[in-house]
$ cat structure.cif   # mmCIF, C-alpha atoms
data_coords
#
loop_
_atom_site.label_atom_id
_atom_site.label_comp_id
_atom_site.auth_asym_id
_atom_site.auth_seq_id
_atom_site.Cartn_x
_atom_site.Cartn_y
_atom_site.Cartn_z
CA MET W 1 3.89 1.75 -71.01
CA LEU W 2 5.86 -1.29 -69.92
CA ASP W 3 3.51 -3.61 -68.16
CA ILE W 4 4.78 -5.67 -65.28
CA LEU W 5 2.03 -8.18 -65.96
CA HIS W 6 3.62 -8.96 -69.32
CA PRO W 7 7.29 -9.41 -68.49
CA ASN W 8 8.31 -11.20 -71.68
CA ILE W 9 9.46 -8.15 -73.58
CA SER W 10 13.04 -8.73 -74.58
CA ASN W 11 15.51 -7.68 -77.16
CA ASN W 12 18.58 -9.33 -78.60
CA ASN W 13 20.50 -7.03 -80.84
CA LYS W 14 23.51 -7.39 -83.07
CA ASN W 15 25.87 -6.34 -80.28
CA ASN W 16 24.62 -9.19 -78.12
CA ILE W 17 23.13 -6.93 -75.48
CA ASN W 18 20.02 -8.42 -73.96
CA ILE W 19 17.51 -5.97 -72.52
CA ASN W 20 14.37 -7.29 -70.94
CA LEU W 21 11.75 -6.39 -68.43
CA SER W 22 12.71 -8.31 -65.33
CA GLU W 23 10.35 -10.71 -63.64
CA GLU W 24 8.10 -9.33 -60.98
CA LYS W 25 10.03 -8.03 -58.04
CA ILE W 26 9.07 -6.62 -54.70
CA LYS W 27 10.93 -3.40 -53.90
CA ILE W 28 10.91 -1.93 -50.42
CA ASN W 29 12.44 1.40 -49.50
CA ILE W 30 13.69 1.56 -45.92
CA ARG W 31 14.92 4.60 -44.00
CA GLY W 32 16.31 4.86 -40.52
CA LYS W 33 19.41 5.67 -38.55
CA ASN W 34 19.00 4.52 -34.97
CA LYS W 35 20.33 1.35 -33.38
CA GLU W 36 16.93 -0.33 -33.09
CA PHE W 37 16.37 0.13 -36.80
CA PHE W 38 19.57 -1.70 -37.76
CA THR W 39 18.93 -4.45 -35.22
CA LYS W 40 15.39 -5.08 -36.42
CA VAL W 41 16.31 -5.05 -40.12
CA GLY W 42 19.23 -7.38 -39.51
CA LYS W 43 17.04 -9.77 -37.56
CA ILE W 44 14.16 -9.84 -40.06
CA LEU W 45 16.23 -10.03 -43.25
CA SER W 46 19.27 -11.88 -41.86
CA ILE W 47 21.42 -9.37 -43.66
CA ILE W 48 23.65 -6.46 -42.63
CA LEU W 49 22.73 -3.23 -44.36
CA PRO W 50 25.60 -1.91 -46.49
CA SER W 51 27.11 1.16 -44.84
CA GLU W 52 29.60 1.98 -47.58
CA SER W 53 28.34 4.20 -50.39
CA ASN W 54 27.57 2.69 -53.81
CA THR W 55 27.56 -0.89 -52.53
CA SER W 56 25.01 -3.61 -51.85
CA SER W 57 24.50 -6.67 -49.66
CA SER W 58 22.93 -9.90 -50.80
CA ASN W 59 21.90 -13.26 -49.46
CA GLU W 60 19.96 -16.09 -51.08
CA ASN W 61 16.68 -14.21 -50.64
CA TYR W 62 17.30 -10.48 -50.79
CA ASP W 63 19.39 -7.79 -52.41
CA VAL W 64 19.83 -4.58 -50.43
CA LEU W 65 21.12 -1.48 -52.21
CA TRP W 66 22.71 1.53 -50.50
CA LEU W 67 20.84 4.67 -51.60
CA SER W 68 22.05 7.23 -49.06
CA PRO W 69 23.50 7.18 -45.54
CA ASP W 70 20.06 6.49 -44.04
CA GLU W 71 18.19 4.94 -46.95
CA TRP W 72 18.30 1.52 -48.63
CA MET W 73 16.22 -0.44 -51.11
CA ILE W 74 15.49 -4.12 -50.67
CA TYR W 75 14.39 -6.12 -53.71
CA PHE W 76 13.56 -9.75 -54.28
CA ASP W 77 11.44 -11.99 -56.50
CA GLU W 78 7.80 -11.88 -55.60
CA ASN W 79 7.57 -15.61 -54.99
CA LYS W 80 10.29 -15.51 -52.28
CA ASN W 81 8.50 -14.06 -49.30
CA THR W 82 5.49 -11.84 -49.66
CA ASN W 83 4.95 -10.93 -46.01
CA ILE W 84 8.38 -9.39 -45.38
CA PHE W 85 6.93 -5.92 -45.86
CA ASP W 86 4.34 -6.58 -43.13
CA GLN W 87 7.06 -7.81 -40.75
CA LEU W 88 9.26 -4.79 -41.39
CA TYR W 89 6.35 -2.39 -41.13
CA LYS W 90 5.11 -3.91 -37.88
CA ASP W 91 8.52 -3.99 -36.17
CA ILE W 92 9.99 -0.74 -37.51
CA SER W 93 7.57 1.72 -39.06
CA SER W 94 4.73 1.32 -36.60
CA LEU W 95 7.14 1.68 -33.66
CA ASN W 96 8.78 4.80 -35.17
CA PHE W 97 12.23 3.20 -35.47
CA GLY W 98 12.30 4.10 -39.17
CA SER W 99 10.25 4.28 -42.31
CA ILE W 100 9.23 1.36 -44.53
CA THR W 101 7.64 2.01 -47.93
CA ASP W 102 6.59 -0.51 -50.57
CA VAL W 103 7.77 0.96 -53.89
CA SER W 104 7.06 -2.14 -56.00
CA SER W 105 4.51 -0.36 -58.14
CA GLN W 106 6.59 2.79 -58.44
CA LEU W 107 9.67 1.21 -59.97
CA ILE W 108 10.16 -1.04 -62.98
CA CYS W 109 13.18 -3.33 -63.13
CA ILE W 110 14.88 -3.64 -66.51
CA ASN W 111 17.59 -6.28 -66.76
CA ILE W 112 20.51 -5.54 -69.07
CA LYS W 113 23.03 -8.26 -69.93
CA GLY W 114 25.95 -8.42 -72.30
CA GLU W 115 29.57 -7.48 -72.81
CA ASN W 116 29.01 -3.89 -73.91
CA ILE W 117 26.38 -2.87 -71.38
CA PHE W 118 28.59 -0.32 -69.66
CA GLU W 119 29.38 1.35 -72.98
CA LEU W 120 25.63 1.47 -73.59
CA LEU W 121 24.90 3.04 -70.19
CA SER W 122 27.86 5.43 -70.49
CA SER W 123 26.51 6.73 -73.77
CA GLY W 124 23.63 8.36 -71.91
CA SER W 125 25.00 8.93 -68.43
CA PRO W 126 27.48 11.31 -66.76
CA PHE W 127 28.43 8.55 -64.28
CA ASN W 128 31.94 7.08 -64.47
CA PHE W 129 31.38 3.31 -64.76
CA GLU W 130 35.06 2.39 -64.52
CA LYS W 131 34.96 1.32 -60.85
CA PHE W 132 31.34 0.16 -61.03
CA LYS W 133 31.92 -2.37 -63.81
CA ASN W 134 34.90 -3.94 -62.06
CA ASN W 135 33.01 -4.52 -58.82
CA VAL W 136 30.12 -6.96 -58.83
CA GLY W 137 27.66 -5.83 -56.17
CA SER W 138 28.13 -2.12 -56.84
CA SER W 139 25.04 0.03 -56.86
CA THR W 140 24.47 3.65 -57.74
CA GLN W 141 21.85 6.24 -58.40
CA THR W 142 22.46 8.39 -61.44
CA ILE W 143 20.92 9.64 -64.69
CA VAL W 144 20.56 7.65 -67.90
CA ASN W 145 19.20 9.56 -70.86
CA HIS W 146 18.14 12.36 -68.45
CA ILE W 147 16.10 9.88 -66.37
CA ASP W 148 16.77 9.04 -62.72
CA VAL W 149 17.74 5.40 -62.30
CA ILE W 150 19.05 3.03 -59.65
CA LEU W 151 21.64 0.57 -60.97
CA HIS W 152 22.74 -2.69 -59.39
CA HIS W 153 25.66 -4.68 -60.78
CA LYS W 154 24.10 -8.04 -59.98
CA SER W 155 26.70 -10.29 -61.59
CA LYS W 156 29.40 -9.88 -64.22
CA ASN W 157 27.97 -7.91 -67.17
CA ASN W 158 24.49 -8.21 -65.70
CA VAL W 159 22.84 -5.04 -64.39
CA ASN W 160 19.42 -4.50 -62.91
CA LEU W 161 18.16 -1.01 -63.68
CA PHE W 162 15.28 0.45 -61.66
CA VAL W 163 13.34 3.31 -63.19
CA ARG W 164 10.09 5.06 -62.37
CA ARG W 165 7.18 3.40 -64.12
CA SER W 166 6.15 6.46 -66.13
CA PHE W 167 9.66 6.79 -67.62
CA SER W 168 10.14 3.06 -68.21
CA GLU W 169 8.82 2.74 -71.74
CA HIS W 170 10.81 5.71 -73.01
CA LEU W 171 14.01 4.49 -71.33
CA TYR W 172 13.48 0.92 -72.53
CA GLU W 173 13.09 2.10 -76.11
CA TRP W 174 16.13 4.33 -75.78
CA LEU W 175 18.18 1.41 -74.43
CA VAL W 176 17.08 -0.89 -77.25
CA ASP W 177 17.76 1.73 -79.88
CA SER W 178 21.11 2.83 -78.43
CA SER W 179 22.31 -0.74 -78.02
CA ASN W 180 22.60 -0.93 -81.81
CA PHE W 181 25.23 1.79 -81.81
CA VAL W 182 27.71 0.79 -79.08
CA MET L 1 30.71 21.48 -66.47
CA PHE L 2 32.67 20.36 -63.43
CA LEU L 3 32.86 17.52 -60.94
CA ILE L 4 31.60 17.76 -57.38
CA ASN L 5 32.82 15.43 -54.66
CA CYS L 6 29.60 14.51 -52.86
CA PRO L 7 30.51 13.81 -49.20
CA PHE L 8 28.31 10.70 -49.33
CA CYS L 9 28.60 9.27 -52.87
CA GLY L 10 32.00 10.45 -54.07
CA GLU L 11 32.94 12.36 -57.19
CA ARG L 12 30.06 12.92 -59.61
CA ASP L 13 29.26 15.12 -62.57
CA GLN L 14 27.71 18.52 -61.89
CA SER L 15 24.59 17.53 -63.88
CA GLU L 16 23.60 15.20 -61.00
CA PHE L 17 23.45 18.17 -58.60
CA SER L 18 21.24 21.15 -58.02
CA SER L 19 22.53 24.41 -56.60
CA GLY L 20 20.75 25.73 -53.52
CA GLY L 21 22.33 29.19 -53.51
CA GLU L 22 24.39 30.91 -50.87
CA ALA L 23 25.10 28.99 -47.66
CA HIS L 24 25.09 30.03 -44.01
CA ILE L 25 22.23 32.53 -44.21
CA VAL L 26 20.64 32.49 -40.79
CA ARG L 27 16.91 33.07 -40.42
CA PRO L 28 16.26 35.99 -38.04
CA LYS L 29 15.07 34.82 -34.63
CA GLN L 30 12.29 37.42 -34.42
CA PRO L 31 11.03 38.12 -37.96
CA THR L 32 8.16 40.24 -36.69
CA GLU L 33 10.58 42.75 -35.20
CA LEU L 34 12.36 43.38 -38.51
CA SER L 35 11.72 46.30 -40.80
CA ASP L 36 10.67 45.61 -44.39
CA ASP L 37 14.17 46.44 -45.56
CA GLU L 38 15.78 44.04 -43.09
CA TRP L 39 13.35 41.28 -44.03
CA ALA L 40 13.99 41.87 -47.74
CA GLU L 41 17.70 41.81 -47.04
CA TYR L 42 17.39 38.37 -45.43
CA LEU L 43 14.96 37.03 -48.01
CA PHE L 44 16.31 38.25 -51.32
CA MET L 45 19.75 39.77 -51.15
CA ARG L 46 22.59 37.42 -52.03
CA LYS L 47 26.29 38.13 -52.55
CA ASN L 48 26.76 36.58 -56.03
CA ILE L 49 30.41 37.52 -55.99
CA LYS L 50 33.15 36.76 -58.48
CA GLY L 51 35.54 34.71 -56.42
CA ILE L 52 35.25 32.34 -53.47
CA GLN L 53 31.66 31.69 -52.46
CA PHE L 54 30.07 29.38 -49.87
CA GLU L 55 27.13 27.52 -51.42
CA ARG L 56 24.56 24.84 -50.68
CA TRP L 57 24.23 21.98 -53.16
CA ASN L 58 21.86 19.02 -53.32
CA HIS L 59 22.79 15.69 -54.91
CA VAL L 60 19.34 15.58 -56.44
CA HIS L 61 19.94 12.69 -58.87
CA GLY L 62 21.92 10.65 -56.34
CA CYS L 63 21.63 10.38 -52.57
CA ARG L 64 19.41 13.50 -52.39
CA LYS L 65 21.44 14.90 -49.48
CA TRP L 66 22.29 18.57 -48.99
CA PHE L 67 25.84 19.69 -48.30
CA ASN L 68 28.02 22.79 -48.49
CA VAL L 69 30.60 23.67 -51.09
CA VAL L 70 33.28 26.34 -51.27
CA ARG L 71 33.52 27.29 -54.95
CA ASP L 72 35.55 29.85 -56.82
CA THR L 73 32.92 31.27 -59.16
CA SER L 74 35.53 32.74 -61.48
CA ASN L 75 36.82 29.33 -62.57
CA ASP L 76 34.28 26.85 -61.08
CA LYS L 77 37.01 25.25 -59.01
CA ILE L 78 35.62 23.40 -55.97
CA LEU L 79 37.90 24.27 -53.06
CA SER L 80 36.17 22.40 -50.26
CA VAL L 81 33.10 20.26 -49.56
CA TYR L 82 31.63 19.76 -46.10
CA LYS L 83 28.44 18.35 -44.61
CA MET L 84 25.49 20.33 -43.32
CA GLY L 85 26.01 21.33 -39.70
CA GLU L 86 29.80 21.31 -40.01
CA LYS L 87 31.68 24.55 -39.61
CA PRO L 88 32.95 26.16 -42.83
CA PRO L 89 36.68 25.91 -43.44
CA VAL L 90 38.43 28.95 -41.98
CA ASN L 91 41.10 29.37 -44.64
CA TYR L 92 38.68 30.84 -47.19
CA LYS L 93 37.26 34.32 -46.81
#
$ encode --input "structure.cif" --output "structure tokens"
Amino acid sequence: MLDILHPNISNNNKNNININLSEEKIKINIRGKNKEFFTKVGKILSIILPSESNTSSSNENYDVLWLSPDEWMIYFDENKNTNIFDQLYKDISSLNFGSITDVSSQLICINIKGENIFELLSSGSPFNFEKFKNNVGSSTQTIVNHIDVILHHKSKNNVNLFVRRSFSEHLYEWLVDSSNFV
Amino acid sequence: MFLINCPFCGERDQSEFSSGGEAHIVRPKQPTELSDDEWAEYLFMRKNIKGIQFERWNHVHGCRKWFNVVRDTSNDKILSVYKMGEKPPVNYK
């Protein structure tokens, strides 16, 4: 199984696609729909939650991905701010304005870089990447090689893929193997 | 295979969705007053017609939201998609 404590696994193949286990990231799932929820999140993160489907918001500290009309995922490097979960939980979850869940251990982040990454992902996914690849900041939830994933188009030809930990090794090996054939 | 226009995420492949069966089946208000036949009718009997059918679908590999679909089962053509709680379109019988 991919081990987040050993993030130096990487692969450079002949098609110049780089697939590596991303550095440690904190991932927080947030759910809510009332006014207080949006106010509190905006105040704590200094970011407006994306309301449009398949998009994301970013600032220098955080990336926030749209997951559904009342659900988002925040992720950031572990060394940025480790008590943000406590702040969100205290101001939102404990006051019943919404739900805050730390999913850092649940999800593994695999970073995929290179010119042909969308051909690689398309080879195992029913999702149409045409719009996604032309819009930096796009996010989506879909299936890759029959596995549920969350994708974030972080920068041009650079995608962060979030997958459940138990599927991560299989998906990683599939990505590495398939990248030789696109 | 066919495409379904999720009211939240947009057009996606059918493989991202899970069918939840016939839509707009109302749970009886007083189940204890029903006969066994009436209860079985509510619980098990579904139309499963060839033609236009109102169905529930869940975008299980996407936003995980439920919504309603009007589908022609004879050709898998999606005629209308609408959110839970919204009234079904009147132009389909």
$ residues_around --input "structure.cif" --residues "Ile30 of chain W" --least-positions-apart "5" --cutoff "12 Å" --atoms "only C-alpha atoms" --output "list in words"
Phe37, Phe38, Lys40, Val41, Leu49, Val64, Leu65, Trp66, Leu67, Ser68, Pro69, Asp70, Glu71, Trp72, Met73, Ile74, Tyr75, Phe85, Leu88, Tyr89, Ile92, Ser93, Phe97, Gly98, Ser99, Ile100, Thr101, Asp102 and Val103 of chain W
$ write_last_selection --input "structure.cif" --atoms "C-alpha atoms" --output "tab-separated table (two decimals), in the coordinates of the input"
chain	number	residue	atom	x	y	z
W	37	PHE	CA	16.37	0.13	-36.80
W	38	PHE	CA	19.57	-1.70	-37.76
W	40	LYS	CA	15.39	-5.08	-36.42
W	41	VAL	CA	16.31	-5.05	-40.12
W	49	LEU	CA	22.73	-3.23	-44.36
W	64	VAL	CA	19.83	-4.58	-50.43
W	65	LEU	CA	21.12	-1.48	-52.21
W	66	TRP	CA	22.71	1.53	-50.50
W	67	LEU	CA	20.84	4.67	-51.60
W	68	SER	CA	22.05	7.23	-49.06
W	69	PRO	CA	23.50	7.18	-45.54
W	70	ASP	CA	20.06	6.49	-44.04
W	71	GLU	CA	18.19	4.94	-46.95
W	72	TRP	CA	18.30	1.52	-48.63
W	73	MET	CA	16.22	-0.44	-51.11
W	74	ILE	CA	15.49	-4.12	-50.67
W	75	TYR	CA	14.39	-6.12	-53.71
W	85	PHE	CA	6.93	-5.92	-45.86
W	88	LEU	CA	9.26	-4.79	-41.39
W	89	TYR	CA	6.35	-2.39	-41.13
W	92	ILE	CA	9.99	-0.74	-37.51
W	93	SER	CA	7.57	1.72	-39.06
W	97	PHE	CA	12.23	3.20	-35.47
W	98	GLY	CA	12.30	4.10	-39.17
W	99	SER	CA	10.25	4.28	-42.31
W	100	ILE	CA	9.23	1.36	-44.53
W	101	THR	CA	7.64	2.01	-47.93
W	102	ASP	CA	6.59	-0.51	-50.57
W	103	VAL	CA	7.77	0.96	-53.89
$ resolve_selection --input "structure.cif" --expression "the PyMOL selection byres ((chain L and resi 83) around 12)" --output "list in words"
Asn5, Cys6, Pro7, Phe8, Ala23, Glu55, Arg56, Trp57, Asn58, Lys65, Trp66, Phe67, Asn68, Val69, Val70, Ser80, Val81, Tyr82, Met84, Gly85, Glu86, Lys87, Pro88 and Pro89 of chain L
$ interface_residues --input "structure.cif" --of "chain L" --to "chain W" --cutoff "8 Å" --atoms "all atoms listed in the file" --output "list in words"
Phe8, Cys9, Arg12, Asp13, Ser15, Glu16, His61, Gly62, Cys63, Arg64 and Lys65 of chain L
$ closest_residue --input "structure.cif" --among "W:Asn16, W:Ser155, W:Pro50, W:Phe162" --to "Phe181 of chain W" --atoms "only C-alpha atoms"
W:Asn16
$ resolve_selection --input "structure.cif" --expression "the PyMOL selection byres ((chain L and resi 27) around 12)" --output "PDB file with C-alpha atoms, in the frame of the given file"
ATOM      1  CA  ALA L  23      25.100  28.990 -47.660  1.00  0.00           C
ATOM      2  CA  HIS L  24      25.090  30.030 -44.010  1.00  0.00           C
ATOM      3  CA  ILE L  25      22.230  32.530 -44.210  1.00  0.00           C
ATOM      4  CA  VAL L  26      20.640  32.490 -40.790  1.00  0.00           C
ATOM      5  CA  PRO L  28      16.260  35.990 -38.040  1.00  0.00           C
ATOM      6  CA  LYS L  29      15.070  34.820 -34.630  1.00  0.00           C
ATOM      7  CA  GLN L  30      12.290  37.420 -34.420  1.00  0.00           C
ATOM      8  CA  PRO L  31      11.030  38.120 -37.960  1.00  0.00           C
ATOM      9  CA  THR L  32       8.160  40.240 -36.690  1.00  0.00           C
ATOM     10  CA  LEU L  34      12.360  43.380 -38.510  1.00  0.00           C
ATOM     11  CA  GLU L  38      15.780  44.040 -43.090  1.00  0.00           C
ATOM     12  CA  TRP L  39      13.350  41.280 -44.030  1.00  0.00           C
ATOM     13  CA  ALA L  40      13.990  41.870 -47.740  1.00  0.00           C
ATOM     14  CA  GLU L  41      17.700  41.810 -47.040  1.00  0.00           C
ATOM     15  CA  TYR L  42      17.390  38.370 -45.430  1.00  0.00           C
ATOM     16  CA  LEU L  43      14.960  37.030 -48.010  1.00  0.00           C
TER      17      LEU L  43
END
$ atom_distance --input "structure.cif" --atom1 "atom CA of Asn20 of chain W" --atom2 "atom CA of Ile112 of chain W"
6.7 Å
$ residues_near_point --input "structure.cif" --point "(22.5, -7.1, -46.5)" --cutoff "7 Å" --atoms "all atoms listed in the file" --output "list in words"
Ile47, Ile48, Leu49, Pro50, Ser56, Ser57, Ser58, Asn59, Asp63 and Val64 of chain W
$ atom_distance --input "structure.cif" --atom1 "atom CA of Asn111 of chain W" --atom2 "atom CA of Leu45 of chain W"
23.8 Å
$ closest_residue --input "structure.cif" --among "W:Lys43, W:Lys25, W:His170, W:Arg165" --to "Ile108 of chain W" --atoms "only C-alpha atoms"
W:Arg165
$ atom_distance --input "structure.cif" --atom1 "atom CA of Val60 of chain L" --atom2 "atom CA of Ser18 of chain L"
6.1 Å
$ resolve_selection --input "structure.cif" --expression "the PyMOL selection byres ((chain W and resi 180) around 12)" --output "NGL selection string"
:W and (11-19 or 116-117 or 119-120 or 123 or 173-179 or 181-182)
$ residues_around --input "structure.cif" --residues "Asn157 of chain W" --least-positions-apart "5" --cutoff "6 Å" --atoms "all atoms listed in the file" --output "NGL selection string"
:W and (113-115)
$ write_last_selection --input "structure.cif" --atoms "C-alpha atoms" --output "PDB file, in the frame of the given file"
ATOM      1  CA  LYS W 113      23.030  -8.260 -69.930  1.00  0.00           C
ATOM      2  CA  GLY W 114      25.950  -8.420 -72.300  1.00  0.00           C
ATOM      3  CA  GLU W 115      29.570  -7.480 -72.810  1.00  0.00           C
TER       4      GLU W 115
END
$ build_atoms --input "structure.cif" --residues "segment 41-57 of chain L" --atoms "N, CA and C atoms" --output "PDB file, in the frame of the given file"
ATOM      1  N   GLU L  41      16.264  42.106 -47.025  1.00  0.00           N
ATOM      2  CA  GLU L  41      17.700  41.810 -47.040  1.00  0.00           C
ATOM      3  C   GLU L  41      17.943  40.323 -46.773  1.00  0.00           C
ATOM      4  N   TYR L  42      17.247  39.794 -45.756  1.00  0.00           N
ATOM      5  CA  TYR L  42      17.390  38.370 -45.430  1.00  0.00           C
ATOM      6  C   TYR L  42      16.832  37.482 -46.547  1.00  0.00           C
ATOM      7  N   LEU L  43      15.681  37.899 -47.090  1.00  0.00           N
ATOM      8  CA  LEU L  43      14.960  37.030 -48.010  1.00  0.00           C
ATOM      9  C   LEU L  43      15.551  36.997 -49.410  1.00  0.00           C
ATOM     10  N   PHE L  44      15.958  38.140 -49.899  1.00  0.00           N
ATOM     11  CA  PHE L  44      16.310  38.250 -51.320  1.00  0.00           C
ATOM     12  C   PHE L  44      17.766  38.539 -51.634  1.00  0.00           C
ATOM     13  N   MET L  45      18.430  39.274 -50.776  1.00  0.00           N
ATOM     14  CA  MET L  45      19.750  39.770 -51.150  1.00  0.00           C
ATOM     15  C   MET L  45      20.828  38.703 -50.972  1.00  0.00           C
ATOM     16  N   ARG L  46      21.526  38.418 -52.050  1.00  0.00           N
ATOM     17  CA  ARG L  46      22.590  37.420 -52.030  1.00  0.00           C
ATOM     18  C   ARG L  46      23.869  38.049 -52.577  1.00  0.00           C
ATOM     19  N   LYS L  47      25.018  37.498 -52.202  1.00  0.00           N
ATOM     20  CA  LYS L  47      26.290  38.130 -52.550  1.00  0.00           C
ATOM     21  C   LYS L  47      26.593  38.028 -54.048  1.00  0.00           C
ATOM     22  N   ASN L  48      26.499  36.811 -54.602  1.00  0.00           N
ATOM     23  CA  ASN L  48      26.760  36.580 -56.030  1.00  0.00           C
ATOM     24  C   ASN L  48      28.076  37.214 -56.470  1.00  0.00           C
ATOM     25  N   ILE L  49      29.123  36.888 -55.732  1.00  0.00           N
ATOM     26  CA  ILE L  49      30.410  37.520 -55.990  1.00  0.00           C
ATOM     27  C   ILE L  49      31.214  36.751 -57.040  1.00  0.00           C
ATOM     28  N   LYS L  50      32.175  37.439 -57.628  1.00  0.00           N
ATOM     29  CA  LYS L  50      33.150  36.760 -58.480  1.00  0.00           C
ATOM     30  C   LYS L  50      34.326  36.409 -57.589  1.00  0.00           C
ATOM     31  N   GLY L  51      34.474  35.126 -57.326  1.00  0.00           N
ATOM     32  CA  GLY L  51      35.540  34.710 -56.420  1.00  0.00           C
ATOM     33  C   GLY L  51      35.038  33.567 -55.549  1.00  0.00           C
ATOM     34  N   ILE L  52      35.567  33.475 -54.346  1.00  0.00           N
ATOM     35  CA  ILE L  52      35.250  32.340 -53.470  1.00  0.00           C
ATOM     36  C   ILE L  52      33.900  32.545 -52.794  1.00  0.00           C
ATOM     37  N   GLN L  53      33.025  31.588 -52.979  1.00  0.00           N
ATOM     38  CA  GLN L  53      31.660  31.690 -52.460  1.00  0.00           C
ATOM     39  C   GLN L  53      31.284  30.402 -51.725  1.00  0.00           C
ATOM     40  N   PHE L  54      30.572  30.535 -50.619  1.00  0.00           N
ATOM     41  CA  PHE L  54      30.070  29.380 -49.870  1.00  0.00           C
ATOM     42  C   PHE L  54      28.649  29.086 -50.351  1.00  0.00           C
ATOM     43  N   GLU L  55      28.422  27.856 -50.803  1.00  0.00           N
ATOM     44  CA  GLU L  55      27.130  27.520 -51.420  1.00  0.00           C
ATOM     45  C   GLU L  55      26.551  26.238 -50.850  1.00  0.00           C
ATOM     46  N   ARG L  56      25.235  26.102 -51.006  1.00  0.00           N
ATOM     47  CA  ARG L  56      24.560  24.840 -50.680  1.00  0.00           C
ATOM     48  C   ARG L  56      24.307  24.097 -51.992  1.00  0.00           C
ATOM     49  N   TRP L  57      24.540  22.801 -51.990  1.00  0.00           N
ATOM     50  CA  TRP L  57      24.230  21.980 -53.160  1.00  0.00           C
ATOM     51  C   TRP L  57      23.455  20.746 -52.705  1.00  0.00           C
TER      52      TRP L  57
END
